[in-house]
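File shown: structure29.csv (CSV, C-alpha atoms).
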```
chain,number,residue,atom,x,y,z
A,1,MET,CA,138.1,106.5,85.8
A,2,HIS,CA,141.2,104.4,85.4
A,3,LEU,CA,140.8,104.3,81.6
A,4,VAL,CA,140.4,108.1,81.4
A,5,LEU,CA,143.5,108.6,83.5
A,6,PHE,CA,145.4,106.1,81.4
A,7,PHE,CA,144.5,107.8,78.2
A,8,ILE,CA,145.3,111.3,79.5
A,9,PHE,CA,148.7,110.4,80.9
A,10,GLY,CA,149.6,107.8,78.2
A,11,GLY,CA,148.8,110.4,75.5
A,12,LEU,CA,150.9,113.0,77.3
A,13,CYS,CA,153.7,110.4,77.5
A,14,VAL,CA,153.6,109.6,73.8
A,15,ALA,CA,153.4,113.3,72.9
A,16,GLY,CA,156.4,114.0,75.0
A,17,ALA,CA,158.4,111.2,73.4
A,18,LEU,CA,157.4,112.4,69.9
A,19,ASN,CA,158.5,115.9,70.9
A,20,LEU,CA,161.8,114.5,72.0
A,21,LEU,CA,162.2,112.8,68.6
A,22,PHE,CA,161.4,115.9,66.5
A,23,GLN,CA,163.0,118.7,68.4
A,24,ARG,CA,166.3,119.7,67.0
A,25,HIS,CA,167.7,121.5,70.1
A,26,PRO,CA,168.9,119.1,72.9
A,27,ILE,CA,167.5,121.3,75.7
A,28,ASN,CA,164.0,120.9,74.3
A,29,SER,CA,164.5,117.2,74.0
A,30,ALA,CA,165.6,117.1,77.7
A,31,LEU,CA,162.6,119.0,78.9
A,32,SER,CA,160.2,116.8,76.9
A,33,LEU,CA,161.9,113.8,78.4
A,34,ILE,CA,161.1,115.2,81.9
A,35,VAL,CA,157.4,115.2,80.8
A,36,VAL,CA,157.7,111.6,79.7
A,37,MET,CA,159.2,110.5,83.0
A,38,SER,CA,156.8,112.4,85.1
A,39,THR,CA,153.8,110.9,83.3
A,40,LEU,CA,155.3,107.5,83.6
A,41,ALA,CA,155.4,108.1,87.4
A,42,VAL,CA,151.6,108.6,87.3
A,43,LEU,CA,151.2,105.4,85.3
A,44,TYR,CA,153.2,103.5,87.9
A,45,LEU,CA,150.9,104.9,90.5
A,46,LEU,CA,147.9,103.6,88.5
A,47,LEU,CA,149.5,100.2,88.5
A,48,GLY,CA,149.9,100.2,92.3
A,49,ALA,CA,153.7,100.8,92.4
A,50,GLU,CA,153.8,103.7,94.8
A,51,PHE,CA,157.4,103.5,95.8
A,52,LEU,CA,158.5,103.3,92.2
A,53,ALA,CA,156.4,106.3,91.3
A,54,ALA,CA,158.2,108.4,94.0
A,55,ALA,CA,161.6,107.0,93.0
A,56,GLN,CA,160.8,107.8,89.3
A,57,VAL,CA,160.1,111.4,90.1
A,58,ILE,CA,163.1,111.8,92.5
A,59,VAL,CA,165.7,109.8,90.6
A,60,TYR,CA,164.7,110.1,86.9
A,61,SER,CA,163.0,113.4,86.5
A,62,GLY,CA,164.9,114.9,89.4
A,63,ALA,CA,168.5,113.7,89.5
A,64,ILE,CA,169.2,112.3,86.1
A,65,MET,CA,167.5,115.0,84.1
A,66,VAL,CA,169.1,117.7,86.2
A,67,LEU,CA,172.5,116.1,85.2
A,68,PHE,CA,171.5,116.1,81.6
A,69,THR,CA,170.3,119.7,81.5
A,70,PHE,CA,173.4,120.7,83.4
A,71,VAL,CA,175.7,119.1,80.9
A,72,ILE,CA,173.8,120.5,77.9
A,73,MET,CA,174.2,124.0,79.3
A,74,LEU,CA,177.8,123.4,80.4
A,75,LEU,CA,178.8,122.3,76.8
A,76,ASN,CA,176.6,125.0,75.3
A,77,ALA,CA,175.0,122.4,72.9
A,78,GLY,CA,173.4,124.1,69.9
A,79,ARG,CA,170.9,122.9,67.3
A,80,GLU,CA,172.1,119.8,65.5
A,81,GLU,CA,172.8,120.2,61.8
A,82,ARG,CA,171.7,117.9,59.0
A,83,THR,CA,174.5,115.8,57.5
A,84,HIS,CA,174.7,112.9,55.1
A,85,GLY,CA,174.5,110.5,58.0
A,86,SER,CA,171.2,112.0,59.2
A,87,LYS,CA,169.5,111.6,55.8
A,88,ALA,CA,170.5,107.9,55.8
A,89,ALA,CA,169.4,107.6,59.4
A,90,TYR,CA,165.9,109.1,58.5
A,91,ALA,CA,165.6,106.6,55.6
A,92,ILE,CA,166.4,103.6,57.8
A,93,GLY,CA,165.4,104.7,61.3
A,94,ILE,CA,161.7,105.6,60.8
A,95,PRO,CA,160.7,102.4,58.9
A,96,GLY,CA,162.9,100.3,61.2
A,97,ALA,CA,161.3,101.7,64.3
A,98,ALA,CA,157.8,101.3,62.7
A,99,ALA,CA,158.5,97.7,61.9
A,100,LEU,CA,159.8,97.1,65.5
A,101,PHE,CA,156.6,98.7,66.9
A,102,ALA,CA,154.4,96.6,64.5
A,103,ALA,CA,156.1,93.4,65.6
A,104,LEU,CA,155.9,94.2,69.3
A,105,ALA,CA,152.2,95.3,69.1
A,106,TYR,CA,151.3,92.2,67.1
A,107,ILE,CA,152.9,90.0,69.8
A,108,VAL,CA,151.2,91.8,72.6
A,109,LEU,CA,147.7,92.0,71.0
A,110,SER,CA,147.7,88.4,69.8
A,111,ASN,CA,148.5,87.2,73.3
A,112,GLY,CA,146.2,89.8,74.9
A,113,LYS,CA,143.5,87.2,75.8
A,114,HIS,CA,145.9,85.6,78.3
A,115,LEU,CA,146.4,88.9,80.2
A,116,SER,CA,144.0,90.3,82.7
A,117,SER,CA,142.9,93.9,83.3
A,118,ALA,CA,144.3,96.3,85.8
A,119,ARG,CA,141.8,97.7,88.3
A,120,LEU,CA,142.5,100.8,90.3
A,121,GLY,CA,143.6,99.9,93.9
A,122,ASP,CA,143.4,96.2,93.1
A,123,TYR,CA,147.1,95.5,93.8
A,124,LEU,CA,149.1,97.9,95.8
A,125,VAL,CA,152.8,97.3,96.6
A,126,THR,CA,153.7,99.5,99.6
A,127,THR,CA,157.2,100.6,100.4
A,128,GLY,CA,157.1,98.0,103.3
A,129,ASP,CA,156.4,95.1,100.9
A,130,LEU,CA,159.2,96.2,98.6
A,131,SER,CA,161.7,96.7,101.3
A,132,ARG,CA,160.9,93.4,103.0
A,133,VAL,CA,162.0,91.6,99.8
A,134,LEU,CA,164.9,94.0,99.1
A,135,PHE,CA,166.4,93.8,102.6
A,136,ARG,CA,165.7,90.2,103.4
A,137,ASP,CA,166.0,88.1,100.2
A,138,LEU,CA,168.0,90.4,98.1
A,139,LEU,CA,170.4,92.1,100.6
A,140,LEU,CA,173.6,91.1,98.8
A,141,PRO,CA,172.5,92.5,95.4
A,142,PHE,CA,171.4,95.6,97.1
A,143,GLU,CA,174.7,96.1,98.8
A,144,VAL,CA,176.5,95.3,95.5
A,145,THR,CA,174.6,98.2,93.8
A,146,SER,CA,176.0,100.6,96.4
A,147,VAL,CA,179.5,99.5,95.4
A,148,LEU,CA,178.5,100.0,91.7
A,149,ILE,CA,177.3,103.6,92.5
A,150,LEU,CA,180.6,104.3,94.3
A,151,VAL,CA,182.7,103.0,91.3
A,152,ALA,CA,180.5,105.1,89.0
A,153,ILE,CA,181.0,108.2,91.0
A,154,LEU,CA,184.8,107.7,91.1
A,155,GLY,CA,184.8,106.9,87.3
A,156,ALA,CA,182.8,110.0,86.5
A,157,VAL,CA,185.2,112.2,88.5
A,158,ALA,CA,188.2,110.6,87.0
A,159,LEU,CA,186.8,111.0,83.4
A,160,ALA,CA,185.6,114.5,83.7
A,161,ARG,CA,188.6,115.9,85.5
A,162,ARG,CA,190.8,118.3,83.6
A,163,GLU,CA,194.3,116.9,83.1
A,164,HIS,CA,197.3,119.0,83.6
B,165,MET,CA,139.6,98.8,84.2
B,166,VAL,CA,142.4,98.9,81.7
B,167,PRO,CA,143.7,95.8,80.0
B,168,ILE,CA,147.4,95.1,80.7
B,169,SER,CA,148.0,94.8,77.0
B,170,TYR,CA,147.2,98.6,76.7
B,171,TYR,CA,150.2,99.3,79.0
B,172,LEU,CA,152.3,96.9,77.0
B,173,VAL,CA,151.4,98.6,73.7
B,174,LEU,CA,152.2,102.0,75.3
B,175,SER,CA,155.5,100.7,76.3
B,176,ALA,CA,156.1,99.4,72.8
B,177,VAL,CA,155.3,102.8,71.4
B,178,LEU,CA,157.8,104.5,73.7
B,179,PHE,CA,160.5,101.9,73.0
B,180,SER,CA,160.0,102.3,69.2
B,181,ILE,CA,160.2,106.1,69.5
B,182,GLY,CA,163.4,105.6,71.6
B,183,VAL,CA,164.9,103.4,68.9
B,184,ALA,CA,164.0,105.9,66.1
B,185,ALA,CA,165.4,108.8,68.2
B,186,PHE,CA,168.6,106.7,68.8
B,187,LEU,CA,169.1,106.2,65.0
B,188,ILE,CA,168.0,109.7,63.9
B,189,LYS,CA,169.6,112.1,66.4
B,190,ARG,CA,173.0,113.4,65.6
B,191,ASN,CA,173.8,115.1,68.9
B,192,ILE,CA,175.4,112.7,71.3
B,193,ILE,CA,173.5,114.0,74.3
B,194,SER,CA,170.2,113.4,72.4
B,195,VAL,CA,171.3,109.9,71.6
B,196,PHE,CA,172.0,109.3,75.2
B,197,MET,CA,168.6,110.7,76.2
B,198,SER,CA,166.9,108.3,73.8
B,199,ILE,CA,168.6,105.4,75.6
B,200,GLU,CA,167.1,106.6,78.8
B,201,LEU,CA,163.7,106.7,77.1
B,202,MET,CA,164.1,103.0,76.0
B,203,LEU,CA,165.0,102.1,79.6
B,204,ASN,CA,161.9,103.8,80.9
B,205,ALA,CA,159.7,101.9,78.3
B,206,VAL,CA,161.1,98.6,79.5
B,207,ASN,CA,160.5,99.7,83.1
B,208,LEU,CA,156.8,100.2,82.3
B,209,THR,CA,156.6,96.7,81.0
B,210,PHE,CA,158.1,95.3,84.2
B,211,VAL,CA,155.6,97.2,86.3
B,212,ALA,CA,152.7,96.1,84.2
B,213,PHE,CA,153.7,92.5,84.5
B,214,ALA,CA,154.3,92.9,88.2
B,215,HIS,CA,150.6,94.0,88.4
B,216,GLN,CA,149.5,91.2,86.1
B,217,TRP,CA,151.1,88.3,88.1
B,218,HIS,CA,150.9,90.1,91.5
B,219,GLN,CA,154.6,89.7,92.0
B,220,VAL,CA,156.9,92.1,93.8
B,221,SER,CA,160.0,90.9,91.9
B,222,GLY,CA,159.0,92.9,88.8
B,223,GLN,CA,159.1,96.1,90.8
B,224,ILE,CA,162.5,95.0,92.3
B,225,PHE,CA,163.8,94.7,88.8
B,226,VAL,CA,162.7,98.3,88.0
B,227,PHE,CA,164.4,99.5,91.2
B,228,PHE,CA,167.7,97.9,90.1
B,229,VAL,CA,167.3,99.3,86.5
B,230,MET,CA,166.9,102.8,88.0
B,231,VAL,CA,170.1,102.4,90.1
B,232,VAL,CA,172.1,101.2,87.1
B,233,ALA,CA,170.6,103.9,84.9
B,234,ALA,CA,171.7,106.6,87.4
B,235,ALA,CA,175.2,105.2,87.5
B,236,GLU,CA,175.2,104.9,83.7
B,237,ALA,CA,174.0,108.5,83.3
B,238,ALA,CA,176.8,109.8,85.5
B,239,VAL,CA,179.6,107.9,83.7
B,240,GLY,CA,178.1,108.6,80.2
B,241,LEU,CA,177.9,112.3,80.8
B,242,ALA,CA,181.4,112.3,82.1
B,243,ILE,CA,182.5,110.6,78.9
B,244,ILE,CA,180.6,113.2,76.9
B,245,ILE,CA,182.4,116.0,78.7
B,246,ALA,CA,185.8,114.3,78.1
B,247,LEU,CA,184.9,113.8,74.4
B,248,PHE,CA,183.9,117.5,74.0
B,249,ARG,CA,187.2,118.6,75.6
B,250,THR,CA,189.3,116.5,73.3
B,251,ARG,CA,187.4,116.8,70.0
B,252,ASN,CA,185.4,120.0,70.5
B,253,THR,CA,182.2,118.6,68.9
B,254,LEU,CA,179.0,116.8,70.0
B,255,ASN,CA,178.1,115.5,66.5
B,256,VAL,CA,178.3,111.7,66.3
B,257,ASP,CA,179.3,111.9,62.6
B,258,GLN,CA,182.5,113.7,63.5
B,259,VAL,CA,183.5,111.2,66.2
B,260,ASP,CA,184.7,108.5,63.8
B,261,LEU,CA,188.2,107.5,64.8
B,262,MET,CA,187.3,103.8,65.0
B,263,LYS,CA,185.9,103.8,61.4
B,264,LEU,CA,188.0,102.2,58.8
```
Would you give me this structure, written as structure tokens?
Amino acid sequence: MHLVLFFIFGGLCVAGALNLLFQRHPINSALSLIVVMSTLAVLYLLLGAEFLAAAQVIVYSGAIMVLFTFVIMLLNAGREERTHGSKAAYAIGIPGAAALFAALAYIVLSNGKHLSSARLGDYLVTTGDLSRVLFRDLLLPFEVTSVLILVAILGAVALARREH
Amino acid sequence: MVPISYYLVLSAVLFSIGVAAFLIKRNIISVFMSIELMLNAVNLTFVAFAHQWHQVSGQIFVFFVMVVAAAEAAVGLAIIIALFRTRNTLNVDQVDLMKL
């Protein structure tokens, strides 16, 4: 059951990521990124991270991607054209990324015997467990992130404002 | 039962696709989206290891990464809007003032 769900949603995830890579129009890339993020939420749920699954849907595929699609439509971004730079990027980018993947997969698979298997419902972190750590041990970092968000909002408004 | 290494390999696939998209894409918004994809791939690794070692701290890390990614997306998109206003292009090849 777990394996079937993993392959269905993992396959959807990789398909969405490849679609992001090969689409030439940014709005198509943005929509396929929403697919990737939603399937990752399901994978988090399979790994017993229920709060993060909800936060992934709300924050990532909700808030952040709405912001992305909003900016794409606001700037009226069209298809990207091929340039000299893009040919060089294809020649270096694809083999480079393949080499990176080969190195990462080799490291993971050669150390795979030290890792256990994930069973469905074996380990579940509820929102209560997470918030106990977050609000007891890590209260100061949590409050500092609220300052970070405030600064980011102010910076975004200051940057995007039209100057007279 | 799924071995944790499957999740790690999936995360490596997503990260590599993110790197390839970062290098290949010429539209600055697409480049920015591939950074988000790489962040998500690393988050999956954190959650998989949190499951492996039965530690909550891995998920706490993911929570903070999400917060920082939200702030980063807001500021980055504001920079993109400001860039489009001044230079009237989204192509990264034409934004080359700092090149020699």
Expected answer as a JSON list (two decimals) with C-alpha atoms, in the frame of the given file: chain A residues within 6 Å of chain B, all atoms listed in the file:
```json
[["chain", "number", "residue", "atom", "x", "y", "z"],
["A", 2, "HIS", "CA", 141.20, 104.40, 85.40],
["A", 3, "LEU", "CA", 140.80, 104.30, 81.60],
["A", 21, "LEU", "CA", 162.20, 112.80, 68.60],
["A", 26, "PRO", "CA", 168.90, 119.10, 72.90],
["A", 89, "ALA", "CA", 169.40, 107.60, 59.40],
["A", 90, "TYR", "CA", 165.90, 109.10, 58.50],
["A", 93, "GLY", "CA", 165.40, 104.70, 61.30],
["A", 94, "ILE", "CA", 161.70, 105.60, 60.80],
["A", 97, "ALA", "CA", 161.30, 101.70, 64.30],
["A", 101, "PHE", "CA", 156.60, 98.70, 66.90],
["A", 105, "ALA", "CA", 152.20, 95.30, 69.10],
["A", 112, "GLY", "CA", 146.20, 89.80, 74.90],
["A", 117, "SER", "CA", 142.90, 93.90, 83.30],
["A", 118, "ALA", "CA", 144.30, 96.30, 85.80],
["A", 119, "ARG", "CA", 141.80, 97.70, 88.30],
["A", 149, "ILE", "CA", 177.30, 103.60, 92.50],
["A", 152, "ALA", "CA", 180.50, 105.10, 89.00],
["A", 156, "ALA", "CA", 182.80, 110.00, 86.50],
["A", 159, "LEU", "CA", 186.80, 111.00, 83.40],
["A", 160, "ALA", "CA", 185.60, 114.50, 83.70]]
```
note = Pairwise distance, CA of Phe68 (chain A) with CA of Gly155 (chain A), equals 17.1 Å
Two-atom distance - CA of Ile34 (chain A), CA of Val206 (chain B) (Å) = 16.8 Å
Please enclose the listed atoms of region 184-192 of chain B in an axis-aligned box, pad each side by 5 Å, and write out the centre and the three edge lengths in Å, rounded to one decimal, as lines of an AutoDock Vina configuration file.
```
center_x = 169.7
center_y = 110.5
center_z = 67.6
size_x = 21.4
size_y = 19.2
size_z = 17.4
```
task = Mind listing whatever residues come within 10 Å of the point (156.0, 102.3, 91.8)? Use all atoms listed in the file, file coordinates, and give them as an MDAnalysis selection string.
result = (chainID A and resid 40:56 124:127 130) or (chainID B and resid 208 211 223:224 226:227)
Extract region 55-91 of chain A from the coordinates I pasted, and write it as a PDB file, in the first residue's frame (atoms kept: C-alpha atoms).
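Generated file (selection27.pdb):
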```
ATOM      1  CA  ALA A  55       1.584  23.760   5.816  1.00  0.00           C
ATOM      2  CA  GLN A  56       3.002  22.664   2.458  1.00  0.00           C
ATOM      3  CA  VAL A  57      -0.412  22.939   0.814  1.00  0.00           C
ATOM      4  CA  ILE A  58      -1.287  26.241   2.507  1.00  0.00           C
ATOM      5  CA  VAL A  59       2.070  28.029   2.352  1.00  0.00           C
ATOM      6  CA  TYR A  60       3.735  26.615  -0.749  1.00  0.00           C
ATOM      7  CA  SER A  61       1.046  25.594  -3.204  1.00  0.00           C
ATOM      8  CA  GLY A  62      -1.272  28.217  -1.764  1.00  0.00           C
ATOM      9  CA  ALA A  63       0.467  31.444  -0.859  1.00  0.00           C
ATOM     10  CA  ILE A  64       3.820  31.298  -2.653  1.00  0.00           C
ATOM     11  CA  MET A  65       2.507  29.940  -5.951  1.00  0.00           C
ATOM     12  CA  VAL A  66      -0.371  32.431  -5.996  1.00  0.00           C
ATOM     13  CA  LEU A  67       2.281  35.131  -5.647  1.00  0.00           C
ATOM     14  CA  PHE A  68       4.241  33.607  -8.550  1.00  0.00           C
ATOM     15  CA  THR A  69       1.250  33.316 -10.893  1.00  0.00           C
ATOM     16  CA  PHE A  70       0.181  36.833  -9.897  1.00  0.00           C
ATOM     17  CA  VAL A  71       3.590  38.260 -10.828  1.00  0.00           C
ATOM     18  CA  ILE A  72       3.734  36.266 -14.089  1.00  0.00           C
ATOM     19  CA  MET A  73       0.342  37.642 -15.120  1.00  0.00           C
ATOM     20  CA  LEU A  74       1.155  41.169 -13.872  1.00  0.00           C
ATOM     21  CA  LEU A  75       4.359  41.340 -15.923  1.00  0.00           C
ATOM     22  CA  ASN A  76       2.712  39.570 -18.872  1.00  0.00           C
ATOM     23  CA  ALA A  77       5.652  37.181 -19.186  1.00  0.00           C
ATOM     24  CA  GLY A  78       5.725  35.486 -22.579  1.00  0.00           C
ATOM     25  CA  ARG A  79       7.573  32.497 -23.984  1.00  0.00           C
ATOM     26  CA  GLU A  80      11.288  32.605 -23.413  1.00  0.00           C
ATOM     27  CA  GLU A  81      13.349  32.869 -26.566  1.00  0.00           C
ATOM     28  CA  ARG A  82      16.472  30.898 -27.385  1.00  0.00           C
ATOM     29  CA  THR A  83      19.712  32.847 -27.144  1.00  0.00           C
ATOM     30  CA  HIS A  84      23.429  32.070 -27.260  1.00  0.00           C
ATOM     31  CA  GLY A  85      23.398  31.742 -23.511  1.00  0.00           C
ATOM     32  CA  SER A  86      20.653  29.139 -23.585  1.00  0.00           C
ATOM     33  CA  LYS A  87      22.591  26.870 -25.974  1.00  0.00           C
ATOM     34  CA  ALA A  88      25.636  26.972 -23.691  1.00  0.00           C
ATOM     35  CA  ALA A  89      23.370  26.369 -20.701  1.00  0.00           C
ATOM     36  CA  TYR A  90      21.879  23.267 -22.384  1.00  0.00           C
ATOM     37  CA  ALA A  91      25.379  21.951 -23.178  1.00  0.00           C
TER      38      ALA A  91
END
```
